[in-house]
Amino acid sequence: MRRLAIFVLLAGFTSLALALVLATAVYAVDPTPAVEQLGDVQTVAPGEVEGKPSGLSDLIGRLHPALVHFPIAWLVGLALVDFVGLALKREAWQRVGIFVLAGTVLSLLPTAATGLARAAHMPSDPAVHALLVTHRTLNFVVAALVLAAFALRLWRRTRLQGSWRIVYLALVFAATSLVLVAADFGGRMVYGPDYLPW
Ligand code: HEM
């Protein structure tokens with residue numbers, strides 16, 4: 001149990017660090033000049049059908065839409081389980097919460113990795129790019145909040161009482177609310193900025 005927890009935590013922090021390095025590399029390059037240098041550019045608008053994957057990273061990135069539901073569902077489930085366990089003080093639910101939290105951390109890793117790979121192959125439309133930066137940044141914050149909650153849960157173990165319990169619940173509820181906002185930005189990239197009325 002302890003080894004598994006350390007593994008999950010290490011995997012989480014390593015992935016977050018890798019993601020930050022990758023993101024810096026991807027966004028350090030302004031896509032506009034590269035596009036202007038090309039003679040025959042085919043612009044692909046969001047929602048348009050794209051051709052076959054151009055390589056392994058393109059293929060991996062295209063798995064992002066299939067994976068995005070997992071962290072959203074895990075986080076919403078975590079908020080519910082922790083509310084019953086820690087806010088309503090049902091002990092059995094508190095134990096379940098630890099496993100749901102570990103599942104949440106693990107579900108974030110492939111989703112963030114495929115998101116970064118997908119970002120590198122997105123069309124260089126400035127409007128989409130702006131949505132992408134917000135989407136990515138919000139999801140990094142979500143990942144950081146979840147990892148902080150996981151570290152706090154491991155550190156306090158059965159002594160998650162008083163103000164630590166409030167801090168933990170605040171981290172979980174903030175991450176859950178933020179992932180929904182971040183997902184909305186993801187959806188706008190795919191279906192267009194006016195897909196939903198807000
Ligand atoms: C880790 C939590 C993440 C969640 C829950 C998430 C969620 C989503 C959602 C819901 C969509 C819309 C998919 C659809 O409706 O088909 C989306 C699209 C997208 N996300 Fe994420 N995302 C995450 C992380 C990231 C990261 C770190 C990046 C890196 C920049 C990223 C880049 C993208 C891109 C490029 C799209 C557009 C996909 C396409 O047009 O095929 N995502 N994401």
# chains A, B, ... in the order shown; residues from 1 in each chain; ligands from 1
>>> closest_atom_pairs(of="chain A", to="ligand 1", cutoff="7 Å", atoms="only C-alpha atoms and all ligand atoms", output="tab-separated table")
residue	atom	partner	partner_atom_place_in_ligand_line	distance
A:Pro46	CA	ligand 1	40 (O)	6.4
A:Arg62	CA	ligand 1	41 (O)	6.0
A:His64	CA	ligand 1	38 (C)	6.5
A:Pro65	CA	ligand 1	13 (C)	4.5
A:Val68	CA	ligand 1	7 (C)	4.5
A:His69	CA	ligand 1	5 (C)	6.5
A:Pro71	CA	ligand 1	5 (C)	5.4
A:Ile72	CA	ligand 1	5 (C)	5.4
A:Leu108	CA	ligand 1	1 (C)	4.8
A:Leu109	CA	ligand 1	1 (C)	6.8
A:Thr111	CA	ligand 1	1 (C)	4.8
A:Ala112	CA	ligand 1	1 (C)	4.0
A:Ala113	CA	ligand 1	27 (C)	6.6
A:Gly115	CA	ligand 1	31 (C)	3.4
A:Leu116	CA	ligand 1	29 (C)	3.8
A:Arg118	CA	ligand 1	35 (C)	4.7
A:Ala119	CA	ligand 1	35 (C)	3.9
A:Met122	CA	ligand 1	35 (C)	6.1
A:Leu132	CA	ligand 1	30 (C)	5.9
A:Val133	CA	ligand 1	30 (C)	6.6
A:His135	CA	ligand 1	42 (N)	6.3
A:Arg136	CA	ligand 1	30 (C)	4.3
A:Asn139	CA	ligand 1	2 (C)	5.0
A:Phe140	CA	ligand 1	27 (C)	6.2
A:Ala143	CA	ligand 1	1 (C)	6.8
A:Val179	CA	ligand 1	5 (C)	6.0
A:Ala182	CA	ligand 1	7 (C)	6.6
A:Ala183	CA	ligand 1	10 (C)	4.0
A:Asp184	CA	ligand 1	10 (C)	6.5
A:Gly186	CA	ligand 1	17 (C)	3.7
A:Gly187	CA	ligand 1	12 (C)	4.0
A:Met189	CA	ligand 1	37 (C)	5.7
A:Val190	CA	ligand 1	40 (O)	4.7
>>> residues_around(residues="Ile98 of chain A", least_positions_apart="3", cutoff="9 Å", atoms="only C-alpha atoms", output="MDAnalysis selection string")
chainID A and resid 78 82 94:95 101:103 150 153:154
>>> atom_distance(atom1="atom CA of Val128 of chain A", atom2="atom CA of Gly55 of chain A")
22.1 Å
>>> closest_residue(among="A:Leu59, A:Ala127, A:Leu10, A:Leu86", to="Pro193 of chain A", atoms="only C-alpha atoms")
A:Ala127
>>> closest_residue(among="A:Arg156, A:His129, A:Gln161, A:Ala120", to="Ser57 of chain A", atoms="only C-alpha atoms")
A:Ala120
>>> residues_around(residues="Leu80 of chain A", least_positions_apart="6", cutoff="12 Å", atoms="only C-alpha atoms", output="PDB file with C-alpha atoms, in the first residue's frame")
ATOM      1  CA  ALA A  73     -15.441  11.192 -14.024  1.00  0.00           C
ATOM      2  CA  TRP A  74     -12.831  10.211 -11.388  1.00  0.00           C
ATOM      3  CA  LEU A  86     -14.983  13.540   5.222  1.00  0.00           C
ATOM      4  CA  ALA A  87     -17.719  16.168   5.393  1.00  0.00           C
ATOM      5  CA  LEU A  88     -20.504  13.806   6.562  1.00  0.00           C
ATOM      6  CA  TRP A  93     -16.310   6.177   2.571  1.00  0.00           C
ATOM      7  CA  GLN A  94     -13.079   7.764   3.841  1.00  0.00           C
ATOM      8  CA  VAL A  96     -12.772   4.338  -0.438  1.00  0.00           C
ATOM      9  CA  GLY A  97     -11.735   7.965  -1.020  1.00  0.00           C
ATOM     10  CA  VAL A 100     -10.579   6.956  -5.784  1.00  0.00           C
ATOM     11  CA  LEU A 101      -7.904   9.628  -5.270  1.00  0.00           C
ATOM     12  CA  LEU A 169     -11.625  19.082   0.764  1.00  0.00           C
ATOM     13  CA  VAL A 172     -10.533  18.341  -4.159  1.00  0.00           C
ATOM     14  CA  PHE A 173     -13.511  20.642  -4.762  1.00  0.00           C
ATOM     15  CA  THR A 176     -13.243  19.228  -9.606  1.00  0.00           C
TER      16      THR A 176
END
>>> select_by_dssp(residues="segment 49-81 of chain A", states="helix (DSSP H, G or I)", output="mmCIF file with N, CA and C atoms, in the first residue's frame")
data_model
loop_
_atom_site.group_PDB
_atom_site.id
_atom_site.type_symbol
_atom_site.label_atom_id
_atom_site.label_comp_id
_atom_site.auth_asym_id
_atom_site.auth_seq_id
_atom_site.Cartn_x
_atom_site.Cartn_y
_atom_site.Cartn_z
ATOM 1 N N LEU A 56 3.822 8.693 -34.922
ATOM 2 C CA LEU A 56 3.432 8.096 -33.642
ATOM 3 C C LEU A 56 2.867 9.145 -32.670
ATOM 4 N N SER A 57 3.531 10.314 -32.588
ATOM 5 C CA SER A 57 3.050 11.306 -31.612
ATOM 6 C C SER A 57 1.692 11.863 -32.026
ATOM 7 N N ASP A 58 1.471 11.972 -33.358
ATOM 8 C CA ASP A 58 0.156 12.413 -33.843
ATOM 9 C C ASP A 58 -0.903 11.370 -33.462
ATOM 10 N N LEU A 59 -0.548 10.101 -33.662
ATOM 11 C CA LEU A 59 -1.470 9.004 -33.315
ATOM 12 C C LEU A 59 -1.796 9.015 -31.816
ATOM 13 N N ILE A 60 -0.740 9.169 -30.993
ATOM 14 C CA ILE A 60 -0.942 9.192 -29.531
ATOM 15 C C ILE A 60 -1.837 10.382 -29.159
ATOM 16 N N GLY A 61 -1.568 11.529 -29.774
ATOM 17 C CA GLY A 61 -2.364 12.723 -29.486
ATOM 18 C C GLY A 61 -3.832 12.543 -29.833
ATOM 19 N N HIS A 64 -6.419 11.513 -27.250
ATOM 20 C CA HIS A 64 -6.846 12.427 -26.176
ATOM 21 C C HIS A 64 -8.374 12.483 -26.003
ATOM 22 N N PRO A 65 -9.139 12.691 -27.096
ATOM 23 C CA PRO A 65 -10.599 12.762 -26.903
ATOM 24 C C PRO A 65 -11.187 11.487 -26.285
ATOM 25 N N ALA A 66 -10.532 10.353 -26.511
ATOM 26 C CA ALA A 66 -11.049 9.097 -25.932
ATOM 27 C C ALA A 66 -10.741 8.989 -24.440
ATOM 28 N N LEU A 67 -9.732 9.719 -23.972
ATOM 29 C CA LEU A 67 -9.294 9.584 -22.574
ATOM 30 C C LEU A 67 -9.826 10.673 -21.649
ATOM 31 N N HIS A 69 -12.590 11.750 -20.676
ATOM 32 C CA HIS A 69 -13.729 11.510 -19.766
ATOM 33 C C HIS A 69 -13.278 10.911 -18.437
ATOM 34 N N PHE A 70 -12.151 10.201 -18.451
ATOM 35 C CA PHE A 70 -11.735 9.479 -17.238
ATOM 36 C C PHE A 70 -11.394 10.409 -16.073
ATOM 37 N N PRO A 71 -10.460 11.380 -16.247
ATOM 38 C CA PRO A 71 -10.179 12.246 -15.088
ATOM 39 C C PRO A 71 -11.396 13.057 -14.645
ATOM 40 N N ILE A 72 -12.243 13.436 -15.605
ATOM 41 C CA ILE A 72 -13.447 14.203 -15.239
ATOM 42 C C ILE A 72 -14.339 13.336 -14.346
ATOM 43 N N ALA A 73 -14.567 12.087 -14.796
ATOM 44 C CA ALA A 73 -15.441 11.192 -14.024
ATOM 45 C C ALA A 73 -14.814 10.830 -12.669
ATOM 46 N N TRP A 74 -13.502 10.544 -12.661
ATOM 47 C CA TRP A 74 -12.831 10.211 -11.388
ATOM 48 C C TRP A 74 -12.941 11.384 -10.413
ATOM 49 N N LEU A 75 -12.717 12.598 -10.919
ATOM 50 C CA LEU A 75 -12.731 13.769 -10.028
ATOM 51 C C LEU A 75 -14.135 14.042 -9.464
ATOM 52 N N VAL A 76 -15.143 13.922 -10.320
ATOM 53 C CA VAL A 76 -16.513 14.133 -9.829
ATOM 54 C C VAL A 76 -16.843 13.047 -8.798
ATOM 55 N N GLY A 77 -16.437 11.804 -9.091
ATOM 56 C CA GLY A 77 -16.646 10.702 -8.137
ATOM 57 C C GLY A 77 -15.909 10.959 -6.827
ATOM 58 N N LEU A 78 -14.673 11.459 -6.933
ATOM 59 C CA LEU A 78 -13.863 11.746 -5.740
ATOM 60 C C LEU A 78 -14.538 12.809 -4.862
ATOM 61 N N ALA A 79 -15.046 13.861 -5.515
ATOM 62 C CA ALA A 79 -15.700 14.933 -4.750
ATOM 63 C C ALA A 79 -16.905 14.374 -3.985
ATOM 64 N N LEU A 80 -17.667 13.486 -4.638
ATOM 65 C CA LEU A 80 -18.844 12.900 -3.978
ATOM 66 C C LEU A 80 -18.437 11.990 -2.814
ATOM 67 N N VAL A 81 -17.473 11.092 -3.073
ATOM 68 C CA VAL A 81 -17.039 10.129 -2.044
ATOM 69 C C VAL A 81 -16.428 10.878 -0.854
#
>>> atom_distance(atom1="atom CA of Val142 of chain A", atom2="atom CA of Pro110 of chain A")
14.3 Å
>>> atom_distance(atom1="atom CA of Ala148 of chain A", atom2="atom CA of Leu18 of chain A")
17.2 Å
